[in-house]
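**Student:** work.cif is the file, holding mmCIF, C-alpha atoms and all ligand atoms:
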```
data_coords
loop_
_atom_site.label_atom_id
_atom_site.label_comp_id
_atom_site.auth_asym_id
_atom_site.auth_seq_id
_atom_site.Cartn_x
_atom_site.Cartn_y
_atom_site.Cartn_z
CA MET V 1 128.96 91.26 117.64
CA GLN V 2 125.98 89.60 119.27
CA ILE V 3 123.70 87.19 117.43
CA LEU V 4 120.06 87.37 118.54
CA ARG V 5 117.66 84.73 117.29
CA ALA V 6 113.94 85.46 116.90
CA LEU V 7 112.01 83.39 119.44
CA GLU V 8 109.80 81.97 116.68
CA MET V 9 111.34 81.27 113.30
CA GLY V 10 111.89 78.69 110.62
CA MET V 11 109.97 75.69 109.48
CA CYS V 12 106.28 75.59 110.42
CA PHE V 13 104.51 72.38 111.40
CA GLY V 14 102.63 72.28 108.08
CA VAL V 15 105.80 72.10 105.99
CA ARG V 16 107.63 69.89 108.52
CA ASP V 17 104.81 67.32 108.53
CA ALA V 18 104.58 67.34 104.72
CA LEU V 19 108.34 66.75 104.43
CA ALA V 20 108.11 63.90 106.97
CA VAL V 21 105.49 62.18 104.79
CA VAL V 22 107.69 62.68 101.73
CA ASP V 23 110.69 61.20 103.59
CA ARG V 24 108.72 58.03 104.36
CA LEU V 25 107.61 57.37 100.77
CA PRO V 26 109.48 54.22 99.77
CA THR V 27 109.55 54.54 95.97
CA PRO V 28 110.07 58.18 94.93
CA ALA V 29 110.17 57.28 91.23
CA THR V 30 106.46 56.38 91.37
CA VAL V 31 105.44 59.70 92.96
CA THR V 32 104.75 63.14 91.51
CA ILE V 33 104.77 66.08 93.91
CA HIS V 34 101.78 68.04 92.66
CA GLY V 35 102.30 71.78 93.11
CA GLU V 36 105.46 73.24 94.62
CA LEU V 37 106.08 71.57 97.99
CA VAL V 38 108.02 74.49 99.42
CA HIS V 39 109.45 77.71 98.02
CA ASN V 40 112.96 76.59 98.88
CA ARG V 41 115.38 75.52 96.15
CA GLU V 42 117.53 73.53 98.56
CA VAL V 43 114.62 71.28 99.53
CA LEU V 44 113.48 70.96 95.92
CA ALA V 45 116.99 69.91 94.84
CA LEU V 46 116.97 67.22 97.56
CA LEU V 47 113.65 65.88 96.26
CA ASP V 48 114.96 65.86 92.71
CA ARG V 49 118.01 63.85 93.83
CA ARG V 50 115.74 61.30 95.50
CA GLY V 51 113.96 60.81 92.17
CA PHE V 52 110.55 62.42 92.74
CA ALA V 53 108.79 63.86 89.72
CA ARG V 54 107.42 67.35 90.22
CA SER V 55 104.51 69.14 88.58
CA PRO V 56 104.84 72.70 89.95
CA GLU V 57 101.61 73.72 88.22
CA ALA V 58 98.98 71.69 90.09
CA GLY V 59 95.75 71.59 88.16
CA ARG V 60 97.24 71.80 84.68
CA GLU V 61 97.88 68.16 83.77
CA VAL V 62 97.26 64.84 85.45
CA PRO V 63 100.72 63.44 86.37
CA THR V 64 101.78 60.19 84.74
CA THR V 65 103.05 58.48 87.92
CA PRO V 66 100.65 56.18 89.85
CA VAL V 67 101.04 58.16 93.09
CA VAL V 68 100.39 61.89 93.41
CA LEU V 69 101.41 63.84 96.50
CA VAL V 70 99.32 66.90 97.32
CA THR V 71 101.50 69.51 99.00
CA ALA V 72 100.88 71.49 102.21
CA HIS V 73 99.39 74.29 100.06
CA GLY V 74 96.48 71.98 99.19
CA ILE V 75 94.39 71.68 96.04
CA SER V 76 90.72 72.10 95.24
CA ASP V 77 88.23 69.24 95.76
CA GLN V 78 87.61 69.45 92.03
CA GLU V 79 91.28 68.74 91.36
CA ARG V 80 91.37 65.95 93.96
CA GLN V 81 88.40 64.28 92.23
CA ARG V 82 90.11 64.65 88.86
CA LEU V 83 93.17 62.80 90.18
CA VAL V 84 91.09 60.02 91.78
CA ALA V 85 89.02 59.64 88.59
CA ALA V 86 92.29 59.22 86.66
CA GLY V 87 93.14 56.27 88.93
CA LYS V 88 95.83 58.01 90.97
CA GLN V 89 96.66 57.14 94.55
CA VAL V 90 96.55 60.51 96.32
CA VAL V 91 98.85 61.13 99.28
CA ASP V 92 97.50 64.30 100.85
CA THR V 93 99.77 66.53 102.97
CA THR V 94 97.51 69.59 102.90
CA CYS V 95 98.23 71.69 106.01
CA PRO V 96 95.30 71.65 108.47
CA LEU V 97 95.34 75.46 108.43
CA VAL V 98 94.93 75.50 104.66
CA ARG V 99 92.02 73.06 105.07
CA LYS V 100 90.47 75.54 107.52
CA ALA V 101 90.77 78.28 104.90
CA HIS V 102 88.92 76.02 102.41
CA GLU V 103 86.21 75.33 105.01
CA ALA V 104 85.87 79.04 105.75
CA ALA V 105 85.45 79.85 102.05
CA GLN V 106 82.84 77.11 101.66
CA GLN V 107 80.99 78.33 104.75
CA LEU V 108 80.81 81.88 103.37
CA ALA V 109 79.62 80.54 100.01
CA ALA V 110 76.95 78.46 101.78
CA GLU V 111 75.69 81.68 103.40
CA GLY V 112 75.03 83.00 99.90
CA ARG V 113 78.06 85.30 99.82
CA ARG V 114 80.30 86.02 96.85
CA VAL V 115 83.70 84.96 98.17
CA ILE V 116 86.73 87.24 97.94
CA VAL V 117 90.15 85.67 98.49
CA ILE V 118 92.89 88.08 99.54
CA GLY V 119 96.11 86.71 98.09
CA ARG V 120 98.08 86.20 94.91
CA ALA V 121 95.98 84.76 92.08
CA ASN V 122 98.87 82.67 90.75
CA HIS V 123 99.75 81.13 94.13
CA VAL V 124 98.99 77.41 94.34
CA GLU V 125 97.04 77.80 97.59
CA VAL V 126 94.83 80.55 96.16
CA ARG V 127 94.18 78.52 93.00
CA GLY V 128 93.07 75.61 95.17
CA LEU V 129 90.74 77.87 97.16
CA VAL V 130 89.03 79.54 94.23
CA GLU V 131 88.58 76.45 92.05
CA ASP V 132 85.82 75.14 94.33
CA LEU V 133 83.93 78.46 94.38
CA ALA V 134 81.33 79.85 92.00
CA ASP V 135 82.34 83.29 90.70
CA PRO V 136 85.14 84.00 93.23
CA LEU V 137 87.18 87.19 93.34
CA VAL V 138 90.90 87.42 94.10
CA VAL V 139 92.21 90.65 95.59
CA ALA V 140 95.99 91.08 95.68
CA GLY V 141 96.07 94.84 96.26
CA LEU V 142 94.03 98.03 96.43
CA ALA V 143 93.84 98.20 92.63
CA ASP V 144 91.72 95.01 92.67
CA VAL V 145 89.12 96.39 95.08
CA ALA V 146 85.87 97.49 93.41
CA THR V 147 82.19 97.93 94.14
CA TRP V 148 80.48 94.65 93.44
CA PRO V 149 76.72 94.27 92.98
CA GLN V 150 76.19 91.39 95.43
CA ALA V 151 74.31 92.09 98.70
CA LYS V 152 76.47 89.60 100.61
CA LEU V 153 80.24 89.29 100.39
CA GLY V 154 82.61 86.99 102.27
CA ILE V 155 86.37 87.40 102.72
CA VAL V 156 89.11 84.87 103.44
CA CYS V 157 92.90 85.28 103.07
CA GLN V 158 95.75 83.22 101.70
CA THR V 159 97.18 81.79 104.92
CA THR V 160 100.49 83.66 104.66
CA THR V 161 99.02 87.12 104.06
CA GLN V 162 100.47 89.95 106.17
CA VAL V 163 97.97 91.00 108.83
CA GLU V 164 98.31 94.72 107.97
CA VAL V 165 97.79 94.04 104.25
CA ALA V 166 94.67 92.03 105.02
CA GLU V 167 93.33 94.74 107.35
CA CYS V 168 93.94 97.46 104.77
CA LEU V 169 92.24 95.49 101.97
CA ILE V 170 89.28 94.44 104.13
CA ALA V 171 88.74 98.08 105.15
CA ALA V 172 88.84 99.11 101.47
CA ILE V 173 86.38 96.36 100.47
CA VAL V 174 83.96 97.41 103.21
CA ALA V 175 84.32 101.11 102.30
CA GLN V 176 83.57 100.45 98.63
CA ASN V 177 80.68 98.06 99.30
CA ARG V 178 78.62 99.88 101.92
CA HIS V 179 75.44 98.42 100.41
CA ALA V 180 76.66 94.88 101.17
CA ASP V 181 76.77 92.69 104.26
CA VAL V 182 80.49 91.81 104.41
CA ARG V 183 81.74 88.96 106.60
CA HIS V 184 85.41 88.16 107.07
CA ILE V 185 86.77 84.90 108.50
CA ASP V 186 90.40 85.14 109.68
CA THR V 187 92.39 82.46 107.85
CA ILE V 188 95.92 83.85 108.31
CA CYS V 189 97.90 81.02 109.89
CA SER V 190 99.25 81.26 113.42
CA PRO V 191 102.88 80.31 112.59
CA THR V 192 103.02 83.17 110.06
CA LYS V 193 101.70 85.62 112.68
CA ALA V 194 104.05 84.26 115.36
CA ARG V 195 107.14 84.70 113.17
CA ILE V 196 106.23 88.31 112.43
CA GLU V 197 105.50 89.08 116.10
CA ALA V 198 108.81 87.53 117.20
CA LEU V 199 110.66 89.62 114.63
CA LEU V 200 108.91 92.81 115.74
CA ALA V 201 110.02 92.10 119.30
CA LEU V 202 113.61 91.64 118.10
CA LEU V 203 113.94 94.66 115.79
CA PRO V 204 114.55 97.38 118.46
CA SER V 205 117.58 95.43 119.75
CA ILE V 206 119.46 94.87 116.47
CA ASP V 207 121.34 96.85 113.82
CA ARG V 208 121.44 94.09 111.17
CA LEU V 209 118.93 91.44 110.24
CA VAL V 210 119.49 88.20 108.35
CA VAL V 211 116.42 86.44 106.95
CA VAL V 212 117.14 82.86 105.89
CA GLY V 213 114.97 81.16 103.30
CA GLY V 214 113.91 80.87 99.67
CA HIS V 215 114.11 84.05 97.61
CA GLU V 216 110.65 83.20 96.21
CA SER V 217 109.11 82.55 99.63
CA ASN V 218 106.21 84.88 100.42
CA ASN V 219 106.73 84.81 104.18
CA CYS V 220 110.49 85.45 103.86
CA LYS V 221 109.70 88.53 101.79
CA GLN V 222 107.36 89.71 104.53
CA LEU V 223 110.09 89.30 107.15
CA VAL V 224 112.52 91.27 104.97
CA LEU V 225 109.98 94.08 104.52
CA ARG V 226 109.48 94.32 108.30
CA GLY V 227 113.21 94.72 108.84
CA GLU V 228 113.54 97.32 106.10
CA HIS V 229 110.50 99.32 107.28
CA PHE V 230 111.98 99.43 110.75
CA GLY V 231 115.18 100.90 109.29
CA VAL V 232 117.41 97.90 110.06
CA ARG V 233 119.89 96.85 107.35
CA THR V 234 118.36 93.58 106.22
CA PHE V 235 119.86 90.76 104.18
CA HIS V 236 117.93 87.85 102.70
CA VAL V 237 119.96 84.71 102.04
CA GLU V 238 118.86 81.31 100.89
CA HIS V 239 122.15 79.68 101.81
CA VAL V 240 125.19 80.37 104.01
CA ARG V 241 127.30 80.80 100.86
CA GLU V 242 125.50 84.07 100.09
CA LEU V 243 126.63 85.81 103.29
CA GLN V 244 129.23 88.56 102.89
CA ARG V 245 131.55 89.69 105.69
CA GLU V 246 131.33 93.39 104.83
CA TRP V 247 127.57 93.40 105.54
CA PHE V 248 128.45 93.13 109.21
CA ASP V 249 131.19 95.80 109.43
CA ASP V 250 130.55 97.75 112.66
CA ALA V 251 127.52 95.58 113.49
CA GLN V 252 126.75 95.36 117.20
CA ALA V 253 123.79 93.00 117.19
CA VAL V 254 122.65 90.80 114.31
CA GLY V 255 119.11 89.45 114.36
CA LEU V 256 118.39 86.07 112.81
CA THR V 257 115.05 84.83 111.53
CA ALA V 258 113.87 82.40 108.85
CA GLY V 259 110.83 81.61 106.74
CA THR V 260 108.37 78.77 107.26
CA SER V 261 110.00 76.48 104.70
CA THR V 262 113.63 76.93 105.76
CA LEU V 263 115.48 73.79 106.81
CA PRO V 264 116.76 73.89 110.44
CA ARG V 265 120.18 72.85 109.12
CA THR V 266 120.36 75.95 106.90
CA ILE V 267 119.52 78.23 109.82
CA GLU V 268 122.23 76.61 111.97
CA GLU V 269 124.80 76.97 109.17
CA VAL V 270 124.05 80.70 108.95
CA HIS V 271 124.11 81.06 112.73
CA GLY V 272 127.46 79.22 112.87
CA TRP V 273 128.95 81.50 110.20
CA LEU V 274 127.81 84.63 112.06
CA SER V 275 129.09 83.30 115.41
CA ARG V 276 132.51 82.56 113.93
CA LEU V 277 132.67 86.06 112.44
CA GLY V 278 131.70 87.54 115.82
CA ALA V 279 134.34 85.47 117.64
CA GLU V 280 136.99 86.46 115.10
CA ARG V 281 136.21 90.15 115.60
CA ARG V 282 136.23 89.84 119.37
CA GLY V 283 139.61 88.09 119.13
CA ARG V 284 141.00 90.88 116.98
CA SER V 285 139.87 93.66 119.32
CA ALA V 286 141.08 91.83 122.49
S1 LIG W 301 102.73 78.55 106.47
FE1 LIG W 301 100.92 78.16 107.78
S2 LIG W 301 99.37 77.39 106.38
FE2 LIG W 301 101.31 77.23 105.31
S3 LIG W 301 102.01 75.16 105.73
FE3 LIG W 301 102.90 76.47 107.31
S4 LIG W 301 101.45 76.37 109.03
FE4 LIG W 301 100.39 75.62 107.22
#
```
Translate the structure of the given file into structure tokens.
Ligand code: SF4
**Tutor:**
Amino acid sequence: MQILRALEMGMCFGVRDALAVVDRLPTPATVTIHGELVHNREVLALLDRRGFARSPEAGREVPTTPVVLVTAHGISDQERQRLVAAGKQVVDTTCPLVRKAHEAAQQLAAEGRRVIVIGRANHVEVRGLVEDLADPLVVAGLADVATWPQAKLGIVCQTTTQVEVAECLIAAIVAQNRHADVRHIDTICSPTKARIEALLALLPSIDRLVVVGGHESNNCKQLVLRGEHFGVRTFHVEHVRELQREWFDDAQAVGLTAGTSTLPRTIEEVHGWLSRLGAERRGRSA
């Protein structure tokens, strides 16, 4: 049984840099992590053990600690001002690619366009994007697409949106708003695209796929869907403990990939487990 790793996988620079800032904070008990830092329970448990407070719902209440850490998903300027006005020291780890999405949305608004955000309305990044916009629209699927009266529309995407989903929704928006001038700025982040492309390159060579990362992680779910659509038996695990030997009965080649918030250590633990299983089977058949 061969183990084939996707050429691009695992933690993106945005999450890695945010975690590095968190690691350097000297007094965790004085800091609230505002909005979920990563969709990875292992990382969140580590932060809890270090003593950080967490307010997963950024924008609901001003945290009580003197220091507030803005996560890689970012927040709205309105929310940032609210924290500063409340006397909080803001440590900002917003990913530069999320900042670009905010700039793109503001640019479209400045052109007089009603801004449409393709993404999940309840996702922290999307909430941050729309809070600074007048009369924004959020489109999660085809059911949300309508004919709007504005003559100018602008489209941006949540950074982790699947390219095909974005293309399908943009085409539907254009088709239903032929009266309007529609401009789209591509805000899907390059690490997300690279992980998908690397997986697509791997899929023809494997008969099992293991996706490592948080069960709530949007980009892990996308990786799982790609495997399943390709017809490869796909397993999504958050931790090595979830792996089951029988999943790999008769497997010839197991592909390995991981989401953008998965710790390198977790990937290596899963790889080690698979390698040991492969070696054991080779030993038995020798
Ligand atoms: S997934 Fe993309 S946008 Fe989000 S933190 Fe990582 S690099 Fe930044």
**Student:** Between CA of Pro28 (chain V) and CA of Phe52 (chain V), what is the distance, to one decimal in Å?
**Tutor:**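 We find that CA of Pro28 (chain V) and CA of Phe52 (chain V) lie 4.8 Å from each other.
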**Student:** Using all atoms listed in the file, determine which residues lie at most 9 Å from region 158-170 of chain V, disregarding the query and same-chain residues fewer than 6 positions distant; provide the list as a PyMOL selection string.
**Tutor:** chain V and resi 97-98+101+117-120+123+125-126+129+139-142+145+184+186-193+196+218-219+222
**Student:** Between V:Gln106, V:Gln89, V:Gln244, V:Gln81, which is the closest to Leu277 (chain V) once you count all atoms listed in the file?
**Tutor:**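 Selected residue with least distance to Leu277 (chain V): V:Gln244.
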**Student:** Find the residues around region 63-76 of chain V up to 6 Å (all atoms listed in the file counted), leave out those fewer than 5 positions away in its own chain, and share them as a PyMOL selection string.
**Tutor:** chain V and resi 30-34+37+88-95+125+128+131-132
**Student:** In Å, how far is it from CA of Thr262 (chain V) to CA of Pro204 (chain V)?
**Tutor:**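 Taking CA of Thr262 (chain V) as the start and CA of Pro204 (chain V) as the end point, the length is 24.1 Å.
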**Student:** Compare V:Ile155, V:Ala171, V:Val270, V:Leu19 by their minimum atom-to-atom distance to ligand LIG 301 (chain W), counting all atoms listed in the file, and give me the closest one.
**Tutor:**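 Among the listed residues, V:Leu19 lies closest to ligand LIG 301 (chain W).
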**Student:** Measure the distance from CA of Ala143 (chain V) to CA of Gly231 (chain V) in Å and round it to one decimal.
**Tutor:**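 For CA of Ala143 (chain V) relative to CA of Gly231 (chain V), the distance reads 27.2 Å.
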**Student:** Given the point (118.0, 83.7, 111.3) in the coordinates of this file, which residues lie within 12 Å, counting all atoms listed in the file, and how would they look as a compact mmCIF listing (two decimals) with C-alpha atoms, in the frame of the given file?
**Tutor:**
```
# COMPACT_ATOMS: atom_id res chain seq x y z
CA ILE V 3 123.70 87.19 117.43
CA LEU V 4 120.06 87.37 118.54
CA ARG V 5 117.66 84.73 117.29
CA ALA V 6 113.94 85.46 116.90
CA LEU V 7 112.01 83.39 119.44
CA GLU V 8 109.80 81.97 116.68
CA MET V 9 111.34 81.27 113.30
CA GLY V 10 111.89 78.69 110.62
CA MET V 11 109.97 75.69 109.48
CA ARG V 195 107.14 84.70 113.17
CA ALA V 198 108.81 87.53 117.20
CA LEU V 199 110.66 89.62 114.63
CA LEU V 202 113.61 91.64 118.10
CA ARG V 208 121.44 94.09 111.17
CA LEU V 209 118.93 91.44 110.24
CA VAL V 210 119.49 88.20 108.35
CA VAL V 211 116.42 86.44 106.95
CA VAL V 212 117.14 82.86 105.89
CA GLY V 213 114.97 81.16 103.30
CA CYS V 220 110.49 85.45 103.86
CA LEU V 223 110.09 89.30 107.15
CA VAL V 224 112.52 91.27 104.97
CA THR V 234 118.36 93.58 106.22
CA PHE V 235 119.86 90.76 104.18
CA HIS V 236 117.93 87.85 102.70
CA VAL V 237 119.96 84.71 102.04
CA GLU V 238 118.86 81.31 100.89
CA HIS V 239 122.15 79.68 101.81
CA VAL V 240 125.19 80.37 104.01
CA LEU V 243 126.63 85.81 103.29
CA VAL V 254 122.65 90.80 114.31
CA GLY V 255 119.11 89.45 114.36
CA LEU V 256 118.39 86.07 112.81
CA THR V 257 115.05 84.83 111.53
CA ALA V 258 113.87 82.40 108.85
CA GLY V 259 110.83 81.61 106.74
CA THR V 260 108.37 78.77 107.26
CA THR V 262 113.63 76.93 105.76
CA LEU V 263 115.48 73.79 106.81
CA PRO V 264 116.76 73.89 110.44
CA ARG V 265 120.18 72.85 109.12
CA THR V 266 120.36 75.95 106.90
CA ILE V 267 119.52 78.23 109.82
CA GLU V 268 122.23 76.61 111.97
CA GLU V 269 124.80 76.97 109.17
CA VAL V 270 124.05 80.70 108.95
CA HIS V 271 124.11 81.06 112.73
CA GLY V 272 127.46 79.22 112.87
CA TRP V 273 128.95 81.50 110.20
CA LEU V 274 127.81 84.63 112.06
CA SER V 275 129.09 83.30 115.41
```
**Student:** Using all atoms of region 204-214 of chain V listed in the file and a margin of 8 Å per side, can you give the axis-aligned box centre and edge lengths in Å to one decimal, as AutoDock Vina command-line options?
**Tutor:**
```
--center_x 117.7 --center_y 89.1 --center_z 109.7 --size_x 23.5 --size_y 32.5 --size_z 36.1
```
**Student:** Residues within 6 Å of region 38-50 of chain V, please, as a count of residues only. Count only C-alpha atoms; anything in the same chain fewer than 6 positions from it doesn't count.
**Tutor:** 4
**Student:** Which residue is closest to Ala134 (chain V)? Choose from V:Lys152, V:Arg113, V:Arg241, V:His179 and count only C-alpha atoms.
**Tutor:**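 Of V:Lys152, V:Arg113, V:Arg241, V:His179, the one nearest Ala134 (chain V), counting only C-alpha atoms, is V:Arg113.
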**Student:** Which residues, written as a list in words, have at least one atom at most 7 Å from Gln176 (chain V), with all atoms listed in the file counted and residues fewer than 2 positions away on the same chain left out?
**Tutor:** Ala146, Thr147, Ala172, Ile173, Val174 and Arg178 of chain V
**Student:** Check the smallest atom-to-atom distance from each of V:Pro26, V:Gly154, V:Gly283, V:Pro96 to ligand LIG 301 (chain W) using all atoms listed in the file, then report the winner.
**Tutor:**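 Smallest distance to ligand LIG 301 (chain W) is found for V:Pro96.
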**Student:** Rank nothing, just name the residue among V:Ile206, V:Val21, V:Ala180, V:Cys12 nearest to ligand LIG 301 (chain W), using only C-alpha atoms and all ligand atoms.
**Tutor:** V:Cys12
**Student:** Identify which of the residues V:Trp148, V:Phe230, V:Phe248, V:Phe13 lies closest to Leu203 (chain V), counting all atoms listed in the file when measuring atom-to-atom distances.
**Tutor:**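 When distances to Leu203 (chain V) are compared using all atoms listed in the file, the smallest one comes from V:Phe230.
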**Student:** All heavy atoms are what I want for region 192-202 of chain V; can you complete it accordingly and write them as a PDB file, keeping the file's coordinate frame?
**Tutor:**
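Everything below was put into part-v2.pdb:
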```
ATOM      1  N   THR V 192     102.636  81.959 110.796  1.00  0.00           N
ATOM      2  CA  THR V 192     103.020  83.170 110.060  1.00  0.00           C
ATOM      3  C   THR V 192     102.946  84.375 110.994  1.00  0.00           C
ATOM      4  O   THR V 192     103.870  85.196 111.060  1.00  0.00           O
ATOM      5  CB  THR V 192     102.081  83.375 108.848  1.00  0.00           C
ATOM      6  OG1 THR V 192     102.300  82.309 107.931  1.00  0.00           O
ATOM      7  CG2 THR V 192     102.327  84.689 108.150  1.00  0.00           C
ATOM      8  N   LYS V 193     101.839  84.483 111.747  1.00  0.00           N
ATOM      9  CA  LYS V 193     101.700  85.620 112.680  1.00  0.00           C
ATOM     10  C   LYS V 193     102.788  85.578 113.743  1.00  0.00           C
ATOM     11  O   LYS V 193     103.378  86.605 114.090  1.00  0.00           O
ATOM     12  CB  LYS V 193     100.329  85.556 113.371  1.00  0.00           C
ATOM     13  CG  LYS V 193      99.162  85.897 112.456  1.00  0.00           C
ATOM     14  CD  LYS V 193      97.867  85.752 113.236  1.00  0.00           C
ATOM     15  CE  LYS V 193      96.656  85.994 112.367  1.00  0.00           C
ATOM     16  NZ  LYS V 193      95.409  85.513 112.988  1.00  0.00           N
ATOM     17  N   ALA V 194     103.069  84.374 114.267  1.00  0.00           N
ATOM     18  CA  ALA V 194     104.050  84.260 115.360  1.00  0.00           C
ATOM     19  C   ALA V 194     105.447  84.671 114.895  1.00  0.00           C
ATOM     20  O   ALA V 194     106.192  85.308 115.660  1.00  0.00           O
ATOM     21  CB  ALA V 194     104.074  82.819 115.878  1.00  0.00           C
ATOM     22  N   ARG V 195     105.806  84.337 113.656  1.00  0.00           N
ATOM     23  CA  ARG V 195     107.140  84.700 113.170  1.00  0.00           C
ATOM     24  C   ARG V 195     107.277  86.214 113.018  1.00  0.00           C
ATOM     25  O   ARG V 195     108.324  86.795 113.289  1.00  0.00           O
ATOM     26  CB  ARG V 195     107.441  83.964 111.852  1.00  0.00           C
ATOM     27  CG  ARG V 195     107.934  82.550 112.140  1.00  0.00           C
ATOM     28  CD  ARG V 195     107.566  81.548 111.082  1.00  0.00           C
ATOM     29  NE  ARG V 195     107.909  80.201 111.509  1.00  0.00           N
ATOM     30  CZ  ARG V 195     107.260  79.517 112.463  1.00  0.00           C
ATOM     31  NH1 ARG V 195     106.239  80.059 113.115  1.00  0.00           N
ATOM     32  NH2 ARG V 195     107.634  78.292 112.786  1.00  0.00           N
ATOM     33  N   ILE V 196     106.202  86.847 112.564  1.00  0.00           N
ATOM     34  CA  ILE V 196     106.230  88.310 112.430  1.00  0.00           C
ATOM     35  C   ILE V 196     106.318  88.952 113.814  1.00  0.00           C
ATOM     36  O   ILE V 196     107.112  89.869 114.044  1.00  0.00           O
ATOM     37  CB  ILE V 196     104.951  88.800 111.687  1.00  0.00           C
ATOM     38  CG1 ILE V 196     104.942  88.304 110.234  1.00  0.00           C
ATOM     39  CG2 ILE V 196     104.835  90.325 111.760  1.00  0.00           C
ATOM     40  CD1 ILE V 196     105.843  89.043 109.288  1.00  0.00           C
ATOM     41  N   GLU V 197     105.493  88.469 114.761  1.00  0.00           N
ATOM     42  CA  GLU V 197     105.500  89.080 116.100  1.00  0.00           C
ATOM     43  C   GLU V 197     106.869  88.924 116.763  1.00  0.00           C
ATOM     44  O   GLU V 197     107.373  89.842 117.401  1.00  0.00           O
ATOM     45  CB  GLU V 197     104.418  88.431 116.972  1.00  0.00           C
ATOM     46  CG  GLU V 197     103.047  89.022 116.672  1.00  0.00           C
ATOM     47  CD  GLU V 197     101.911  88.171 117.180  1.00  0.00           C
ATOM     48  OE1 GLU V 197     102.148  87.335 118.069  1.00  0.00           O
ATOM     49  OE2 GLU V 197     100.792  88.348 116.670  1.00  0.00           O
ATOM     50  N   ALA V 198     107.490  87.756 116.594  1.00  0.00           N
ATOM     51  CA  ALA V 198     108.810  87.530 117.200  1.00  0.00           C
ATOM     52  C   ALA V 198     109.844  88.468 116.579  1.00  0.00           C
ATOM     53  O   ALA V 198     110.725  88.985 117.278  1.00  0.00           O
ATOM     54  CB  ALA V 198     109.224  86.077 117.011  1.00  0.00           C
ATOM     55  N   LEU V 199     109.718  88.703 115.273  1.00  0.00           N
ATOM     56  CA  LEU V 199     110.660  89.620 114.630  1.00  0.00           C
ATOM     57  C   LEU V 199     110.444  91.046 115.131  1.00  0.00           C
ATOM     58  O   LEU V 199     111.404  91.763 115.417  1.00  0.00           O
ATOM     59  CB  LEU V 199     110.507  89.547 113.102  1.00  0.00           C
ATOM     60  CG  LEU V 199     111.357  90.562 112.334  1.00  0.00           C
ATOM     61  CD1 LEU V 199     112.838  90.375 112.627  1.00  0.00           C
ATOM     62  CD2 LEU V 199     111.108  90.451 110.843  1.00  0.00           C
ATOM     63  N   LEU V 200     109.184  91.446 115.258  1.00  0.00           N
ATOM     64  CA  LEU V 200     108.910  92.810 115.740  1.00  0.00           C
ATOM     65  C   LEU V 200     109.495  93.030 117.121  1.00  0.00           C
ATOM     66  O   LEU V 200     109.987  94.119 117.436  1.00  0.00           O
ATOM     67  CB  LEU V 200     107.393  93.080 115.746  1.00  0.00           C
ATOM     68  CG  LEU V 200     106.719  93.123 114.369  1.00  0.00           C
ATOM     69  CD1 LEU V 200     105.227  93.372 114.508  1.00  0.00           C
ATOM     70  CD2 LEU V 200     107.351  94.186 113.482  1.00  0.00           C
ATOM     71  N   ALA V 201     109.462  91.988 117.952  1.00  0.00           N
ATOM     72  CA  ALA V 201     110.020  92.100 119.300  1.00  0.00           C
ATOM     73  C   ALA V 201     111.548  92.233 119.246  1.00  0.00           C
ATOM     74  O   ALA V 201     112.160  92.861 120.113  1.00  0.00           O
ATOM     75  CB  ALA V 201     109.626  90.874 120.125  1.00  0.00           C
ATOM     76  N   LEU V 202     112.148  91.661 118.219  1.00  0.00           N
ATOM     77  CA  LEU V 202     113.610  91.640 118.100  1.00  0.00           C
ATOM     78  C   LEU V 202     114.172  92.947 117.504  1.00  0.00           C
ATOM     79  O   LEU V 202     115.270  93.388 117.866  1.00  0.00           O
ATOM     80  CB  LEU V 202     113.992  90.459 117.192  1.00  0.00           C
ATOM     81  CG  LEU V 202     115.437  90.048 117.058  1.00  0.00           C
ATOM     82  CD1 LEU V 202     115.962  89.566 118.400  1.00  0.00           C
ATOM     83  CD2 LEU V 202     115.564  88.923 116.015  1.00  0.00           C
TER      84      LEU V 202
END
```
